[in-house]
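Okay, upload-v9.cif now, which holds mmCIF, C-alpha atoms:
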```
data_work
loop_
_atom_site.label_atom_id
_atom_site.label_comp_id
_atom_site.auth_asym_id
_atom_site.auth_seq_id
_atom_site.Cartn_x
_atom_site.Cartn_y
_atom_site.Cartn_z
CA MET A 1 127.19 90.65 78.97
CA ASP A 2 126.72 93.66 76.68
CA GLN A 3 123.63 95.27 78.19
CA ILE A 4 121.56 94.73 81.29
CA VAL A 5 118.18 96.05 82.34
CA VAL A 6 118.09 98.08 85.56
CA ILE A 7 114.80 98.97 87.27
CA VAL A 8 115.01 101.52 90.08
CA ASN A 9 112.18 102.44 92.43
CA ALA A 10 111.89 106.21 91.91
CA SER A 11 108.66 106.54 93.92
CA ALA A 12 110.39 106.62 97.30
CA GLY A 13 111.27 110.33 97.06
CA LEU A 14 115.03 109.83 97.26
CA GLY A 15 115.86 112.54 94.72
CA TYR A 16 116.59 110.37 91.69
CA CYS A 17 116.95 112.53 88.61
CA GLY A 18 118.67 112.63 85.24
CA GLY A 19 122.03 113.32 86.86
CA TRP A 20 121.68 110.36 89.19
CA THR A 21 120.74 108.09 86.29
CA ALA A 22 123.77 109.25 84.29
CA ALA A 23 126.02 108.59 87.28
CA LEU A 24 124.59 105.09 87.70
CA SER A 25 125.08 104.41 83.99
CA GLU A 26 128.72 105.42 84.35
CA LYS A 27 129.18 103.03 87.29
CA PHE A 28 128.01 100.15 85.09
CA ARG A 29 130.08 101.39 82.15
CA ALA A 30 133.16 101.34 84.38
CA GLN A 31 132.48 97.61 84.90
CA GLY A 32 132.30 97.03 81.14
CA VAL A 33 128.55 96.95 80.49
CA GLU A 34 125.81 99.27 79.32
CA ALA A 35 122.78 99.68 81.57
CA ASP A 36 119.26 100.28 80.28
CA ILE A 37 117.89 102.15 83.32
CA THR A 38 114.21 102.69 84.12
CA LEU A 39 113.16 104.96 87.00
CA ALA A 40 109.82 103.36 87.84
CA LYS A 41 107.16 105.46 89.54
CA SER A 42 105.05 102.51 90.74
CA GLY A 43 105.10 98.80 91.38
CA GLU A 44 103.02 98.27 88.26
CA GLU A 45 105.66 100.03 86.17
CA MET A 46 108.42 97.92 87.71
CA ILE A 47 106.56 94.71 86.94
CA ALA A 48 105.70 95.79 83.38
CA ARG A 49 109.34 96.66 82.64
CA ALA A 50 110.55 93.36 84.10
CA GLU A 51 107.99 91.42 82.05
CA ARG A 52 109.13 93.17 78.88
CA ALA A 53 112.76 92.41 79.70
CA VAL A 54 112.02 88.71 80.21
CA ALA A 55 109.97 88.58 77.00
CA GLU A 56 112.89 90.13 75.12
CA GLY A 57 115.28 87.52 76.51
CA ALA A 58 117.28 89.76 78.87
CA PRO A 59 119.80 87.55 80.71
CA VAL A 60 119.94 89.87 83.74
CA VAL A 61 117.39 92.23 85.30
CA VAL A 62 118.57 94.41 88.17
CA ALA A 63 116.23 95.73 90.87
CA GLY A 64 117.25 98.88 92.72
CA GLY A 65 115.36 99.71 95.91
CA GLY A 66 114.22 98.14 99.16
CA ASP A 67 112.83 94.67 99.81
CA GLY A 68 109.44 95.60 98.31
CA THR A 69 111.10 96.63 95.05
CA ILE A 70 113.20 93.47 94.93
CA ASN A 71 110.03 91.46 95.55
CA ALA A 72 108.17 93.15 92.66
CA VAL A 73 110.90 92.38 90.13
CA ALA A 74 111.53 88.90 91.53
CA SER A 75 107.84 88.05 91.16
CA VAL A 76 108.35 88.27 87.39
CA LEU A 77 111.73 86.51 87.30
CA ALA A 78 110.80 83.57 89.55
CA GLY A 79 110.52 80.42 87.45
CA THR A 80 112.49 81.88 84.52
CA THR A 81 116.15 81.64 83.54
CA THR A 82 116.65 85.41 83.85
CA ARG A 83 119.08 86.28 86.63
CA LEU A 84 118.23 88.86 89.31
CA GLY A 85 120.76 91.53 90.24
CA VAL A 86 120.24 93.58 93.40
CA LEU A 87 121.11 97.21 94.18
CA PRO A 88 120.17 97.59 97.88
CA LEU A 89 118.77 101.14 98.01
CA GLY A 90 116.20 100.62 100.77
CA THR A 91 116.23 101.10 104.54
CA LEU A 92 116.56 97.54 105.84
CA ASN A 93 117.63 95.46 102.80
CA HIS A 94 117.09 92.09 104.49
CA PHE A 95 117.30 90.04 101.29
CA ALA A 96 120.60 91.60 100.22
CA LYS A 97 122.11 91.19 103.69
CA ASP A 98 121.17 87.52 103.91
CA LEU A 99 122.85 86.88 100.55
CA LYS A 100 125.91 88.96 101.53
CA ILE A 101 125.29 91.38 98.64
CA PRO A 102 127.25 94.61 99.27
CA LEU A 103 125.22 97.58 100.50
CA ASP A 104 127.66 100.07 98.98
CA LEU A 105 126.34 101.09 95.54
CA ASP A 106 129.66 100.83 93.69
CA GLU A 107 130.32 97.39 95.16
CA ALA A 108 126.75 96.27 94.43
CA VAL A 109 127.15 97.32 90.76
CA ALA A 110 130.42 95.38 90.55
CA ASN A 111 128.68 92.35 92.07
CA VAL A 112 125.92 92.48 89.42
CA VAL A 113 128.55 92.28 86.67
CA HIS A 114 131.15 89.98 88.23
CA GLY A 115 129.21 87.93 90.79
CA VAL A 116 128.06 84.33 90.48
CA ALA A 117 124.53 83.03 89.98
CA ILE A 118 122.88 80.85 92.63
CA LYS A 119 119.35 79.49 92.97
CA VAL A 120 117.27 80.42 96.01
CA ASP A 121 113.77 79.60 97.21
CA VAL A 122 110.82 81.95 97.16
CA GLY A 123 107.77 81.68 99.37
CA GLU A 124 104.28 81.99 97.93
CA VAL A 125 100.88 82.69 99.46
CA ASN A 126 97.77 82.49 97.27
CA GLY A 127 99.88 83.21 94.19
CA ARG A 128 101.84 86.14 95.65
CA ILE A 129 105.54 85.58 96.31
CA PHE A 130 107.75 86.72 99.16
CA LEU A 131 111.52 86.61 99.43
CA ASN A 132 111.85 87.26 103.16
CA ASN A 133 108.64 86.69 105.07
CA SER A 134 104.90 87.02 105.29
CA SER A 135 102.81 87.87 108.33
CA LEU A 136 99.27 88.20 109.65
CA GLY A 137 97.87 90.09 112.60
CA ILE A 138 99.38 93.13 114.23
CA TYR A 139 102.16 93.87 111.75
CA PRO A 140 100.00 94.25 108.59
CA ASP A 141 97.63 96.45 110.64
CA ILE A 142 100.52 98.70 111.65
CA VAL A 143 101.79 98.93 108.07
CA ARG A 144 98.31 99.86 106.80
CA ASP A 145 97.85 102.56 109.45
CA ARG A 146 101.35 103.93 108.87
CA GLU A 147 100.74 104.26 105.13
CA GLN A 148 97.41 106.00 105.72
CA GLN A 149 99.08 108.53 108.02
CA GLN A 150 101.84 109.16 105.50
CA ARG A 151 99.33 109.61 102.70
CA HIS A 152 96.61 111.63 104.46
CA LEU A 153 98.48 113.41 107.27
CA GLY A 154 101.86 113.88 105.61
CA ARG A 155 103.77 112.26 108.47
CA ALA A 156 107.25 110.87 107.88
CA LYS A 157 107.68 107.08 107.90
CA TRP A 158 109.02 106.57 111.43
CA PRO A 159 106.69 109.01 113.27
CA ALA A 160 103.78 107.44 111.38
CA PHE A 161 104.98 103.98 112.43
CA GLY A 162 105.08 105.10 116.07
CA TRP A 163 101.50 106.38 115.98
CA ALA A 164 100.31 103.25 114.18
CA LEU A 165 102.02 101.04 116.75
CA PHE A 166 100.39 103.00 119.59
CA ALA A 167 96.96 102.57 117.96
CA ALA A 168 97.51 98.81 117.55
CA LEU A 169 98.49 98.44 121.20
CA ARG A 170 95.32 100.27 122.25
CA ARG A 171 93.17 97.89 120.16
CA PHE A 172 95.10 94.85 121.48
CA PRO A 173 93.93 92.69 118.53
CA PHE A 174 93.86 88.88 118.40
CA LEU A 175 93.26 86.57 115.48
CA SER A 176 91.76 83.07 115.66
CA VAL A 177 93.45 80.76 113.16
CA ARG A 178 93.45 77.09 112.20
CA LEU A 179 96.91 75.97 111.04
CA ARG A 180 97.35 72.88 108.87
CA ILE A 181 101.00 71.85 108.66
CA ASN A 182 102.85 68.52 108.40
CA GLY A 183 99.56 66.63 108.41
CA GLU A 184 98.55 68.14 111.75
CA GLU A 185 96.03 70.78 112.78
CA HIS A 186 96.68 73.54 115.33
CA LEU A 187 94.13 76.03 116.69
CA ARG A 188 95.57 79.28 117.94
CA ARG A 189 94.27 82.63 119.16
CA THR A 190 97.19 84.94 118.55
CA PRO A 191 98.11 88.54 117.75
CA PHE A 192 100.76 87.54 115.28
CA VAL A 193 101.62 84.83 112.72
CA PHE A 194 104.94 84.99 110.86
CA ILE A 195 106.04 82.77 107.96
CA GLY A 196 109.69 82.94 106.93
CA ASN A 197 111.14 81.89 103.59
CA ASN A 198 113.61 79.48 105.24
CA GLU A 199 114.65 79.72 108.88
CA TYR A 200 115.50 82.84 110.83
CA LEU A 201 118.35 82.25 113.24
CA GLN A 202 119.24 82.96 116.86
CA GLY A 203 122.47 84.11 118.46
CA LEU A 204 125.00 86.44 116.84
CA THR A 205 123.22 86.16 113.45
CA LEU A 206 119.89 87.20 114.99
CA GLY A 207 117.34 88.15 112.36
CA ALA A 208 119.36 86.66 109.50
CA ARG A 209 119.01 83.48 107.49
CA GLU A 210 121.98 81.23 106.96
CA ARG A 211 120.41 79.50 103.94
CA LEU A 212 117.75 80.38 101.39
CA ASP A 213 117.71 77.01 99.63
CA THR A 214 116.27 74.42 102.05
CA GLY A 215 112.88 74.33 100.31
CA LYS A 216 111.06 74.98 103.59
CA LEU A 217 108.96 77.67 105.19
CA CYS A 218 109.35 78.40 108.89
CA LEU A 219 106.16 79.21 110.82
CA TYR A 220 106.26 81.27 114.02
CA VAL A 221 103.02 81.70 115.98
CA ALA A 222 102.93 84.07 118.93
CA GLN A 223 101.27 82.81 122.08
CA LYS A 224 99.08 85.18 124.10
CA PRO A 225 101.29 88.10 125.16
CA THR A 226 100.76 91.26 127.18
CA ARG A 227 100.65 94.67 125.51
CA LEU A 228 104.39 94.94 126.14
CA GLY A 229 104.78 91.58 124.41
CA LEU A 230 102.85 92.92 121.41
CA LEU A 231 105.22 95.88 121.26
CA ARG A 232 108.21 93.53 121.22
CA TYR A 233 106.65 91.38 118.49
CA ALA A 234 106.00 94.39 116.27
CA LEU A 235 109.54 95.73 116.67
CA HIS A 236 111.12 92.32 116.13
CA ALA A 237 109.04 91.79 112.99
CA LEU A 238 109.93 95.23 111.65
CA PHE A 239 113.65 94.64 111.99
CA GLY A 240 113.60 90.95 111.04
CA LYS A 241 114.56 89.80 114.54
CA LEU A 242 111.55 87.73 115.42
CA ARG A 243 113.56 84.89 116.96
CA GLU A 244 114.51 87.25 119.79
CA ALA A 245 110.91 87.21 120.97
CA ARG A 246 109.88 84.50 123.40
CA ASP A 247 106.73 82.38 123.62
CA PHE A 248 106.57 81.28 120.02
CA ASP A 249 105.51 78.01 118.47
CA VAL A 250 108.00 77.25 115.70
CA LEU A 251 107.30 74.73 112.90
CA SER A 252 108.76 74.17 109.43
CA SER A 253 107.35 72.59 106.29
CA PRO A 254 107.42 72.99 102.49
CA GLU A 255 103.76 74.06 102.66
CA LEU A 256 101.04 75.03 105.11
CA THR A 257 97.49 76.38 105.18
CA ILE A 258 95.99 79.02 107.45
CA GLU A 259 92.22 79.23 107.88
CA THR A 260 90.23 81.91 109.69
CA ARG A 261 86.62 83.06 109.92
CA HIS A 262 87.46 86.38 108.28
CA GLN A 263 86.31 86.69 104.68
CA ARG A 264 89.16 89.08 103.90
CA LEU A 265 92.47 89.38 105.71
CA ARG A 266 95.40 91.77 105.48
CA VAL A 267 98.56 89.81 104.65
CA ALA A 268 102.05 91.34 104.62
CA THR A 269 104.60 90.01 102.11
CA ASP A 270 108.07 91.60 102.35
CA GLY A 271 106.50 94.65 103.98
CA GLU A 272 103.75 95.15 101.38
CA VAL A 273 100.17 94.60 102.56
CA THR A 274 97.51 92.89 100.41
CA LEU A 275 93.92 91.90 101.15
CA MET A 276 93.47 88.16 100.63
CA SER A 277 90.61 85.68 101.01
CA PRO A 278 91.33 82.71 103.27
CA PRO A 279 92.29 79.95 103.25
CA LEU A 280 95.85 81.21 102.89
CA CYS A 281 97.82 78.52 101.06
CA TYR A 282 101.55 78.89 101.61
CA ARG A 283 104.23 76.93 99.79
CA SER A 284 107.95 77.06 99.17
CA ARG A 285 108.97 77.25 95.53
CA ALA A 286 112.36 75.63 95.88
CA SER A 287 115.22 77.05 93.76
CA ALA A 288 112.74 79.15 91.75
CA LEU A 289 114.85 82.32 91.57
CA THR A 290 118.37 82.84 90.24
CA VAL A 291 120.24 85.66 92.01
CA ILE A 292 123.69 87.14 91.41
CA VAL A 293 125.77 87.09 94.62
CA PRO A 294 129.44 87.70 95.49
CA ALA A 295 131.77 84.96 94.27
#
```
Now, as a test, write the supplied structure out as structure tokens.
Amino acid sequence: MDQIVVIVNASAGLGYCGGWTAALSEKFRAQGVEADITLAKSGEEMIARAERAVAEGAPVVVAGGGDGTINAVASVLAGTTTRLGVLPLGTLNHFAKDLKIPLDLDEAVANVVHGVAIKVDVGEVNGRIFLNNSSLGIYPDIVRDREQQQRHLGRAKWPAFGWALFAALRRFPFLSVRLRINGEEHLRRTPFVFIGNNEYLQGLTLGARERLDTGKLCLYVAQKPTRLGLLRYALHALFGKLREARDFDVLSSPELTIETRHQRLRVATDGEVTLMSPPLCYRSRASALTVIVPA
């Protein structure tokens, strides 16, 4: 490996600058490779750089940022032979944690160079992929309101999340859905639908996934809760600990369809919210992504 492409999310306001880029280049050089580093200012720039790297035959493309950044780069690499390296620079880093990728930057760089390649599944909904999970209902609403407060009121992420959560609890929203899975149909009126790329576990590994290669999606549908129950659902979803919540229907399948009367619906994929037109067609793309993980 002589040179690898590194794409870092520089839009998060974490103080990346020329000095930081030089220091990162030196970390890769210490492992015996040269890094072609791009500080991307937007998701579009990340995707464009990843597409160019794949077109040029880059064997490895590294994504530096949170789960949304990893998702953006992985959306280009899924279905190709290009390997994905991960520098976990976000807040929660669920994907990196589930694959046991080091959170320390020096160790993550070493893993990119010396780790082994494995194939993992990606989830897909109406053509958009997700590495961790997708959700409907209260969580996408909270994310949308939080982003609006950050953008228009200048609030920091966590205070904005608190206000958005309070607003959602006041509205107490419910969503009527028709679920088609495993040849069966389920009607639910629920505040929250969660679809995991593989299964989220209970017990000491709460919130984590033991495997990312079963070729299945795991569907969690919240039954009618109280306002306090809604609060628990939102917090569990935020921190990837949904299995801790009670009163859930849990089903798994390689594919499923969600129908609703809404013409447009906010859908969260790895924390990013997109407006989609139902029906929402989910499927697991088994072994579609090659990721570098610790040996």
* Selection result of the PyMOL selection byres ((chain A and resi 4) around 12) on this file, as an NGL selection string -> :A and (1-3 or 5-7 or 25 or 28-29 or 31-38 or 50 or 53-54 or 56-63 or 82-85 or 109 or 112-113)
List every residue of stretch 123-142 of chain A that has an atom at most 10 Å from any atom of stretch 175-179 of chain A, and for each one report the closest atom pair and its distance in Å to one decimal, counting all atoms listed in the file, with rows sorted by chain and then by increasing residue number, as CSV.
```
residue,atom,partner,partner_atom,distance
A:Leu136,CA,A:Leu175,CA,8.5
A:Gly137,CA,A:Leu175,CA,6.5
A:Ile138,CA,A:Leu175,CA,9.1
```
* **Picked residues, the PyMOL selection byres ((chain A and resi 97) around 12), as an NGL selection string** => :A and (66-67 or 86-96 or 98-104 or 108 or 132 or 205 or 207-212 or 240 or 293-294)
* How far is it from atom CA of A:Leu131 to atom CA of A:Gly196, in Å with one decimal? ->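 These atoms are spaced 8.5 Å apart.
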* Asked: Evaluating the PyMOL selection byres ((chain A and resi 254-260) around 9) on the displayed file yields which residues, as a PyMOL selection string?
  -> chain A and resi 175-182+214-219+252-253+261-263+265+278-286
* Go ahead and compute the interatomic distance for atom CA of A:Ala268 and atom CA of A:Phe174, in Å to one decimal. => 16.2 Å
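With distances restricted to all atoms listed in the file, A:Thr69 is the closest residue to A:Glu45 from A:Thr69, A:Ala295, A:Phe192, A:His186.
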* For atom CA of A:Ser134 and atom CA of A:Gly115, the interatomic separation in Å (one decimal) ->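 Value for the atom CA of A:Ser134-atom CA of A:Gly115 distance: 28.3 Å.
For the choices A:Asn111, A:Thr274, A:Thr21, A:Ser287, the atom-to-atom distance to A:Gly127 is smallest for A:Thr274 when using all atoms listed in the file.
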* **Contacts of A:Ala117 at 7 Å (only C-alpha atoms; same-chain gap of 5+ positions) as a list of chain:residue names** => A:Thr290, A:Val291, A:Ile292, A:Val293
* To do: For each of A:Glu26, A:Asp106, A:Asp213, A:Ala288, take the minimum atom-to-atom distance to A:Thr81, counting all atoms listed in the file, then give the residue where this is smallest.
  => A:Ala288
* Distance query A:Leu275 at most 7 Å, only C-alpha atoms, self and fewer than 5 positions along chain excluded, as a PyMOL selection string -> chain A and resi 264-267
* **Test item: residues at most 6 Å from A:Asp270, only C-alpha atoms, excluding those fewer than 6 positions along its chain, as an MDAnalysis selection string** => chainID A and resid 68 130 132:133
